[in-house]
Each structure stands twice: as C-alpha cells, then as structure tokens.
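A.B. asks: This is the structure, below, for whatever I ask next.
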Amino acid sequence: MMMMTQNANSPIMESLIFFYDHTSLILLMLTFSVLMNFMSIFSESFFKRFFSENHELEYFWTTLPAFILLFLAFPSLKILYMSEEYLQPSLTIKAIGHQWYWSYEYSELNSMTFDSFIQNNNLIRLLDTSNHLIIPINTPIRMLITSEDVIHSWTIPSLGVKVDAIPGRINQLILHVNRPGILTGQCSEICGANHSFMPITISAISMNKFISSI
C-alpha cells in the first residue's frame with residue numbers, strides 16, 4: 001500500500017494506490033537490473049563474453065524502455081479517464097474558497113448554503129470544522145469548485161481529489177465515497193498567511209440518513 005497516505009475511500013484513490021505499487025515494482029526491477037550490470041562489470045571476463053559487441057543485447061535494452069513506458073502509460077491513462085469521467089450526478093454541491101474558510105451550497109436543496117470555519121478539536125487537530133459537508137455514500141456527487149479572492153485548492157487525500165479553486169472560474173469533479181466516515185483535507189495552495197487553517201471536513205453517511213437530515 002502507498003506509504004504515508006490516508007486509507008482509500010473512493011475508486012479513484014484505490015486505483016492511485018494500485019498504480020503506485022505497480023510503478024514501485026517496476027522501479028525495483030530496474031534498480032536490481034542496473035545493480036547486477038554494475039556488478040558484472042567488475043567481472044571482466046563475464047562482461048567481455050556477454051556484453052561487449054552483443055548486438056542482440058543492444059536491441060533488447062533499446063526496446064525495453066519503450067515497453068516499460070507502455071506498462072506505466074496504460075494504468076495512468078485509465079486513472080486519468082476515471083478522474084475526468086462525469087457520470088450523471090445525483091447531487092451537485094458548490095464549494096467556494098475564501099480567506100480563510102470554505103462556503104458550501106447544495107444546488108438541489110433550495111440552494112442551501114453554509115460556511116465552514118476551522119474549529120479547535122484535540123481529536124483531529126487543525127482538521128475539524130464548525131460545519132461538516134454532509135454527503136451520501138455510494139452516490140455520484142458533482143462538486144463545483146471556485147474562489148472569491150485568491151487561488152485555493154480543495155483537497156481530500158482519502159478520495160484522491162485535488163482541484164484548484166480559481167477566482168472567476170468553476171472547476172468540477174465527481175465524488176464517489178465507498179463507505180461512511182469522517183473525511184478530512186486541507187487547502188493545499190499557498191493562499192495567504194493562514195492558508196493552513198482552512199481545513200475541509202466531510203461527513204459521509206448513508207443515503208437514508210442523508211435524506212432524513214435534510
């Protein structure tokens with residue numbers, strides 16, 4: 001599993017972790033091969049016998065990088081397609097970045113809006129907010145991201161999403177949460193002196209609880 005990351009809670013993040021492991025395995029094989037070649041150079045007879053003026057071997061290590069790039073490209077393109085594929089969303093939420101807090105608007109729920117400020121909490125220090133963004137699980141949700149002042153970045157590591165909030169422009173992404181829980185993130189742009197104090201907290205609940213809560 002990818003080191004130093006939160007547990008995956010979306011199909012995109014699961015694919016990113018798989019791609020990380022896939023790439024790490026290829027790099028490990030390449031490192032081992034290079035070390036073996038270096039060691040063989042010290043054995044002069046072995047090097048002269050198998051490496052010197054070996055045209056077949058030259059063809060092999062010329063074409064090998066191309067195949068390695070293909071092994072890296074196909075999973076990468078799949079993840080890129082997944083992150084840019086916009087399914088028919090069941091809910092649209094707009095996130096607006098401010099210095100230094102977030103505002104949210106539920107478009108389908110009579111444009112219900114609220115602000116989300118940082119809140120001191122010893123359990124999740126600097127990551128808890130006064131109002132959590134509540135979303136249903138196993139539901140495609142469209143997020144519209146923008147800003148009213150400077151460039152922010154709406155980032156949830158466990159969902160594998162990071163989208164810039166740019167003034168005068170609306171970026172979008174699709175969220176799909178696998179299981180209920182509390183998801184945390186932070187603005188990951190240097191948007192000012194207090195940019196590290198505008199966290200993002202999401203409460204992912206079942207659809208039944210979500211309907212009853214609204």
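We name chains A, B, ... following the order of the structure tokens; residues begin at 1 in each chain, and ligands are numbered from 1 as shown.
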Find the residues around stretch 61-64 of chain A up to 12 Å (only C-alpha atoms counted), leave out those fewer than 3 positions away in its own chain, and share them as JSON, numbers by chain.

C.D. replies: {"A": [26, 30, 33, 34, 37, 51, 54, 55, 56, 57, 58, 67, 68, 69, 70, 71]}

A.B. asks: Using only N, CA and C atoms, please write the residues we just selected to a file, as a compact mmCIF listing (two decimals), in the first residue's frame.

C.D. replies:
# COMPACT_ATOMS: atom_id res chain seq x y z
N ILE A 26 8.05 -1.89 -10.79
CA ILE A 26 8.86 -1.72 -12.00
C ILE A 26 10.19 -1.03 -11.66
N LEU A 30 14.02 -2.44 -12.17
CA LEU A 30 15.04 -1.70 -12.91
C LEU A 30 16.28 -1.47 -12.04
N SER A 33 18.23 -4.63 -11.82
CA SER A 33 18.94 -4.94 -13.08
C SER A 33 20.18 -4.08 -13.24
N VAL A 34 20.07 -2.80 -12.92
CA VAL A 34 21.22 -1.91 -13.05
C VAL A 34 22.33 -2.32 -12.09
N ASN A 37 24.14 -5.26 -13.46
CA ASN A 37 25.05 -4.90 -14.54
C ASN A 37 26.33 -4.29 -14.00
N PHE A 51 28.56 -8.99 -22.91
CA PHE A 51 28.11 -7.62 -23.12
C PHE A 51 28.86 -6.90 -24.24
N ASN A 54 27.64 -7.22 -28.32
CA ASN A 54 26.48 -8.12 -28.35
C ASN A 54 25.30 -7.34 -28.94
N HIS A 55 25.04 -7.54 -30.24
CA HIS A 55 24.02 -6.75 -30.92
C HIS A 55 22.62 -7.12 -30.43
N GLU A 56 22.38 -8.38 -30.15
CA GLU A 56 21.06 -8.78 -29.65
C GLU A 56 20.75 -8.10 -28.32
N LEU A 57 21.76 -8.02 -27.47
CA LEU A 57 21.55 -7.36 -26.18
C LEU A 57 21.32 -5.87 -26.36
N GLU A 58 21.98 -5.26 -27.33
CA GLU A 58 21.76 -3.84 -27.61
C GLU A 58 20.33 -3.60 -28.09
N PHE A 67 8.76 -0.59 -23.76
CA PHE A 67 7.77 -1.47 -23.14
C PHE A 67 7.49 -1.05 -21.69
N ILE A 68 8.52 -0.59 -21.00
CA ILE A 68 8.32 -0.13 -19.63
C ILE A 68 7.39 1.09 -19.61
N LEU A 69 7.58 2.00 -20.57
CA LEU A 69 6.71 3.17 -20.65
C LEU A 69 5.27 2.76 -20.94
N LEU A 70 5.08 1.72 -21.74
CA LEU A 70 3.72 1.25 -22.01
C LEU A 70 3.08 0.68 -20.75
N PHE A 71 3.85 -0.06 -19.96
CA PHE A 71 3.33 -0.61 -18.71
C PHE A 71 2.95 0.50 -17.74

A.B. asks: Neighbouring residues of A:Glu108 were defined as those with any atom within 12 Å, considering only C-alpha atoms; residues of the same chain fewer than 5 positions away were excluded. Please report them as a PyMOL selection string.

C.D. replies: chain A and resi 89-94+113+141-142+214

A.B. asks: Keeping all heavy atoms for every residue in the selection just given, could you write it to a file as a short mmCIF file (atom, residue, chain, number, x, y, z; two decimals), in the first residue's frame?

C.D. replies:
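File produced: selection_14.cif:
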data_model
loop_
_atom_site.label_atom_id
_atom_site.label_comp_id
_atom_site.auth_asym_id
_atom_site.auth_seq_id
_atom_site.Cartn_x
_atom_site.Cartn_y
_atom_site.Cartn_z
N PRO A 89 -24.77 12.96 -12.17
CA PRO A 89 -24.71 13.12 -10.72
C PRO A 89 -26.10 13.14 -10.10
O PRO A 89 -27.07 13.61 -10.69
CB PRO A 89 -24.01 14.47 -10.55
CG PRO A 89 -24.36 15.23 -11.79
CD PRO A 89 -24.47 14.21 -12.90
N SER A 90 -26.17 12.61 -8.89
CA SER A 90 -27.42 12.66 -8.12
C SER A 90 -27.51 13.90 -7.26
O SER A 90 -28.59 14.24 -6.77
CB SER A 90 -27.53 11.41 -7.22
OG SER A 90 -27.50 10.23 -7.98
N LEU A 91 -26.37 14.58 -7.06
CA LEU A 91 -26.35 15.76 -6.21
C LEU A 91 -25.23 16.67 -6.67
O LEU A 91 -24.16 16.20 -7.07
CB LEU A 91 -26.13 15.34 -4.74
CG LEU A 91 -26.09 16.43 -3.68
CD1 LEU A 91 -27.46 17.10 -3.55
CD2 LEU A 91 -25.66 15.85 -2.33
N THR A 92 -25.47 17.97 -6.64
CA THR A 92 -24.47 18.96 -7.02
C THR A 92 -24.21 19.87 -5.84
O THR A 92 -25.14 20.43 -5.25
CB THR A 92 -24.93 19.80 -8.23
OG1 THR A 92 -25.14 18.93 -9.35
CG2 THR A 92 -23.89 20.83 -8.60
N ILE A 93 -22.94 20.01 -5.49
CA ILE A 93 -22.53 20.85 -4.37
C ILE A 93 -21.47 21.83 -4.88
O ILE A 93 -20.55 21.44 -5.59
CB ILE A 93 -21.97 20.02 -3.21
CG1 ILE A 93 -22.99 18.99 -2.74
CG2 ILE A 93 -21.56 20.91 -2.04
CD1 ILE A 93 -22.46 18.03 -1.71
N LYS A 94 -21.61 23.07 -4.49
CA LYS A 94 -20.65 24.10 -4.88
C LYS A 94 -19.81 24.48 -3.67
O LYS A 94 -20.33 24.77 -2.60
CB LYS A 94 -21.38 25.34 -5.41
CG LYS A 94 -20.45 26.41 -5.99
CD LYS A 94 -21.25 27.55 -6.58
CE LYS A 94 -20.33 28.60 -7.20
NZ LYS A 94 -21.11 29.73 -7.78
N THR A 113 -27.01 27.09 1.82
CA THR A 113 -25.60 27.47 1.94
C THR A 113 -25.19 27.53 3.41
O THR A 113 -26.02 27.77 4.30
CB THR A 113 -25.34 28.84 1.29
OG1 THR A 113 -26.11 29.84 1.96
CG2 THR A 113 -25.74 28.82 -0.19
N ILE A 141 -21.54 12.37 -6.92
CA ILE A 141 -21.78 13.75 -6.50
C ILE A 141 -20.88 14.66 -7.32
O ILE A 141 -19.67 14.43 -7.41
CB ILE A 141 -21.49 13.93 -5.01
CG1 ILE A 141 -22.38 13.00 -4.17
CG2 ILE A 141 -21.69 15.38 -4.58
CD1 ILE A 141 -21.99 12.93 -2.73
N ARG A 142 -21.47 15.67 -7.90
CA ARG A 142 -20.68 16.65 -8.66
C ARG A 142 -20.31 17.81 -7.75
O ARG A 142 -21.17 18.44 -7.14
CB ARG A 142 -21.46 17.16 -9.87
CG ARG A 142 -20.70 18.22 -10.67
CD ARG A 142 -21.41 18.55 -11.96
NE ARG A 142 -22.76 19.05 -11.71
CZ ARG A 142 -23.64 19.32 -12.68
NH1 ARG A 142 -23.32 19.09 -13.94
NH2 ARG A 142 -24.84 19.78 -12.37
N ILE A 214 -31.96 16.18 5.82
CA ILE A 214 -32.30 17.40 5.11
C ILE A 214 -33.80 17.69 5.20
O ILE A 214 -34.27 18.66 4.70
CB ILE A 214 -31.88 17.30 3.63
CG1 ILE A 214 -32.57 16.13 2.94
CG2 ILE A 214 -30.38 17.21 3.51
CD1 ILE A 214 -32.27 16.03 1.47
#

A.B. asks: Write out as a PyMOL selection string all residues of chain A that DSSP puts in strand (DSSP E) for this structure's backbone.

C.D. replies: chain A and resi 91-98+101-106+112-116+133-136+141-147+152-156+161-165+171-175+181-186+199-205

A.B. asks: Extract, using only C-alpha atoms, all DNA, RNA and protein residues at most 12 Å from A:Thr23, discarding same-chain residues fewer than 4 positions from it, and format them as a PDB file with N, CA and C atoms, in the first residue's frame.

C.D. replies:
ATOM      1  N   MET A   1       0.843  -1.189   0.000  1.00  0.00           N
ATOM      2  CA  MET A   1       0.000   0.000   0.000  1.00  0.00           C
ATOM      3  C   MET A   1       0.882   1.244   0.000  1.00  0.00           C
ATOM      4  N   MET A   2       0.358   2.313  -0.604  1.00  0.00           N
ATOM      5  CA  MET A   2       1.119   3.543  -0.675  1.00  0.00           C
ATOM      6  C   MET A   2       1.450   4.053   0.729  1.00  0.00           C
ATOM      7  N   LEU A  16      -5.202   4.830  -7.628  1.00  0.00           N
ATOM      8  CA  LEU A  16      -3.931   5.534  -7.445  1.00  0.00           C
ATOM      9  C   LEU A  16      -2.959   4.710  -6.606  1.00  0.00           C
ATOM     10  N   ILE A  17      -3.469   4.053  -5.569  1.00  0.00           N
ATOM     11  CA  ILE A  17      -2.605   3.212  -4.743  1.00  0.00           C
ATOM     12  C   ILE A  17      -2.094   2.018  -5.551  1.00  0.00           C
ATOM     13  N   PHE A  18      -2.979   1.420  -6.360  1.00  0.00           N
ATOM     14  CA  PHE A  18      -2.538   0.316  -7.226  1.00  0.00           C
ATOM     15  C   PHE A  18      -1.461   0.790  -8.203  1.00  0.00           C
ATOM     16  N   PHE A  19      -1.633   1.967  -8.774  1.00  0.00           N
ATOM     17  CA  PHE A  19      -0.653   2.487  -9.722  1.00  0.00           C
ATOM     18  C   PHE A  19       0.679   2.774  -9.031  1.00  0.00           C
ATOM     19  N   LEU A  27      10.142   0.005 -10.822  1.00  0.00           N
ATOM     20  CA  LEU A  27      11.379   0.697 -10.437  1.00  0.00           C
ATOM     21  C   LEU A  27      12.306  -0.227  -9.650  1.00  0.00           C
ATOM     22  N   LEU A  28      11.728  -1.083  -8.825  1.00  0.00           N
ATOM     23  CA  LEU A  28      12.552  -2.037  -8.078  1.00  0.00           C
ATOM     24  C   LEU A  28      13.259  -3.010  -9.016  1.00  0.00           C
ATOM     25  N   MET A  29      12.536  -3.492 -10.042  1.00  0.00           N
ATOM     26  CA  MET A  29      13.143  -4.397 -11.010  1.00  0.00           C
ATOM     27  C   MET A  29      14.249  -3.697 -11.793  1.00  0.00           C
ATOM     28  N   LEU A  30      14.020  -2.441 -12.173  1.00  0.00           N
ATOM     29  CA  LEU A  30      15.045  -1.701 -12.912  1.00  0.00           C
ATOM     30  C   LEU A  30      16.280  -1.466 -12.040  1.00  0.00           C
ATOM     31  N   ILE A  68       8.521  -0.587 -21.004  1.00  0.00           N
ATOM     32  CA  ILE A  68       8.318  -0.125 -19.632  1.00  0.00           C
ATOM     33  C   ILE A  68       7.390   1.088 -19.614  1.00  0.00           C
ATOM     34  N   LEU A  69       7.581   1.998 -20.567  1.00  0.00           N
ATOM     35  CA  LEU A  69       6.707   3.166 -20.647  1.00  0.00           C
ATOM     36  C   LEU A  69       5.266   2.760 -20.940  1.00  0.00           C
ATOM     37  N   LEU A  70       5.081   1.724 -21.745  1.00  0.00           N
ATOM     38  CA  LEU A  70       3.717   1.246 -22.014  1.00  0.00           C
ATOM     39  C   LEU A  70       3.078   0.684 -20.748  1.00  0.00           C
ATOM     40  N   PHE A  71       3.854  -0.065 -19.960  1.00  0.00           N
ATOM     41  CA  PHE A  71       3.330  -0.611 -18.709  1.00  0.00           C
ATOM     42  C   PHE A  71       2.951   0.500 -17.738  1.00  0.00           C
ATOM     43  N   LEU A  72       3.614   1.657 -17.837  1.00  0.00           N
ATOM     44  CA  LEU A  72       3.274   2.787 -16.982  1.00  0.00           C
ATOM     45  C   LEU A  72       2.147   3.625 -17.571  1.00  0.00           C
ATOM     46  N   ALA A  73       2.066   3.681 -18.891  1.00  0.00           N
ATOM     47  CA  ALA A  73       1.103   4.574 -19.537  1.00  0.00           C
ATOM     48  C   ALA A  73      -0.329   4.070 -19.428  1.00  0.00           C
ATOM     49  N   PHE A  74      -0.557   2.780 -19.650  1.00  0.00           N
ATOM     50  CA  PHE A  74      -1.930   2.278 -19.670  1.00  0.00           C
ATOM     51  C   PHE A  74      -2.647   2.451 -18.327  1.00  0.00           C
ATOM     52  N   PRO A  75      -2.058   2.062 -17.184  1.00  0.00           N
ATOM     53  CA  PRO A  75      -2.746   2.341 -15.918  1.00  0.00           C
ATOM     54  C   PRO A  75      -2.927   3.833 -15.646  1.00  0.00           C
ATOM     55  N   SER A  76      -1.938   4.626 -16.052  1.00  0.00           N
ATOM     56  CA  SER A  76      -2.040   6.068 -15.835  1.00  0.00           C
ATOM     57  C   SER A  76      -3.190   6.674 -16.641  1.00  0.00           C
TER      58      SER A  76
END

A.B. asks: One number please: atom CA of A:Gly160 to atom CA of A:Pro136, in Å, one decimal.

C.D. replies: 17.3 Å

A.B. asks: Quick one: everything within 9 Å of A:Leu183, counting only C-alpha atoms, minus sequence neighbours fewer than 6 positions away in the same chain. Send it as a list in words.

C.D. replies: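 So the residues in contact are Asn9, Ile156, Pro157, Ser158, Leu159, Ile200, Thr201, Ile202, Ser203 and Ala204 of chain A.
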
A.B. asks: Those residues with N, CA, C and O atoms, as a PDB file, in the first residue's frame please?

C.D. replies:
ATOM      1  N   ASN A   9     -10.895   5.723   0.146  1.00  0.00           N
ATOM      2  CA  ASN A   9     -12.343   5.683   0.348  1.00  0.00           C
ATOM      3  C   ASN A   9     -13.075   6.031  -0.939  1.00  0.00           C
ATOM      4  O   ASN A   9     -14.206   6.529  -0.900  1.00  0.00           O
ATOM      5  N   ILE A 156      -8.969  16.369  -0.767  1.00  0.00           N
ATOM      6  CA  ILE A 156      -9.326  15.296   0.151  1.00  0.00           C
ATOM      7  C   ILE A 156      -8.441  14.097  -0.201  1.00  0.00           C
ATOM      8  O   ILE A 156      -8.695  13.388  -1.181  1.00  0.00           O
ATOM      9  N   PRO A 157      -7.378  13.829   0.568  1.00  0.00           N
ATOM     10  CA  PRO A 157      -6.452  12.750   0.209  1.00  0.00           C
ATOM     11  C   PRO A 157      -7.092  11.374   0.122  1.00  0.00           C
ATOM     12  O   PRO A 157      -6.755  10.584  -0.762  1.00  0.00           O
ATOM     13  N   SER A 158      -8.002  11.038   1.033  1.00  0.00           N
ATOM     14  CA  SER A 158      -8.588   9.697   1.033  1.00  0.00           C
ATOM     15  C   SER A 158      -9.494   9.455  -0.167  1.00  0.00           C
ATOM     16  O   SER A 158      -9.791   8.304  -0.497  1.00  0.00           O
ATOM     17  N   LEU A 159      -9.927  10.518  -0.839  1.00  0.00           N
ATOM     18  CA  LEU A 159     -10.738  10.385  -2.054  1.00  0.00           C
ATOM     19  C   LEU A 159      -9.905  10.540  -3.320  1.00  0.00           C
ATOM     20  O   LEU A 159     -10.413  10.350  -4.420  1.00  0.00           O
ATOM     21  N   ILE A 200     -10.904  21.042   5.507  1.00  0.00           N
ATOM     22  CA  ILE A 200     -12.122  20.518   4.880  1.00  0.00           C
ATOM     23  C   ILE A 200     -12.511  19.259   5.639  1.00  0.00           C
ATOM     24  O   ILE A 200     -11.682  18.354   5.802  1.00  0.00           O
ATOM     25  N   THR A 201     -13.737  19.212   6.100  1.00  0.00           N
ATOM     26  CA  THR A 201     -14.224  18.036   6.823  1.00  0.00           C
ATOM     27  C   THR A 201     -15.526  17.574   6.200  1.00  0.00           C
ATOM     28  O   THR A 201     -16.465  18.354   6.063  1.00  0.00           O
ATOM     29  N   ILE A 202     -15.564  16.296   5.816  1.00  0.00           N
ATOM     30  CA  ILE A 202     -16.739  15.711   5.176  1.00  0.00           C
ATOM     31  C   ILE A 202     -17.283  14.601   6.066  1.00  0.00           C
ATOM     32  O   ILE A 202     -16.518  13.764   6.559  1.00  0.00           O
ATOM     33  N   SER A 203     -18.579  14.615   6.264  1.00  0.00           N
ATOM     34  CA  SER A 203     -19.258  13.507   6.948  1.00  0.00           C
ATOM     35  C   SER A 203     -19.993  12.696   5.886  1.00  0.00           C
ATOM     36  O   SER A 203     -20.963  13.168   5.295  1.00  0.00           O
ATOM     37  N   ALA A 204     -19.493  11.497   5.622  1.00  0.00           N
ATOM     38  CA  ALA A 204     -20.123  10.607   4.636  1.00  0.00           C
ATOM     39  C   ALA A 204     -21.082   9.680   5.372  1.00  0.00           C
ATOM     40  O   ALA A 204     -20.681   8.945   6.273  1.00  0.00           O
TER      41      ALA A 204
END

A.B. asks: Nearest residue to A:Met207 out of A:Ile134, A:Cys187, A:Leu127, A:Leu144, using only C-alpha atoms?

C.D. replies: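 Selected residue with least distance to A:Met207: A:Ile134.
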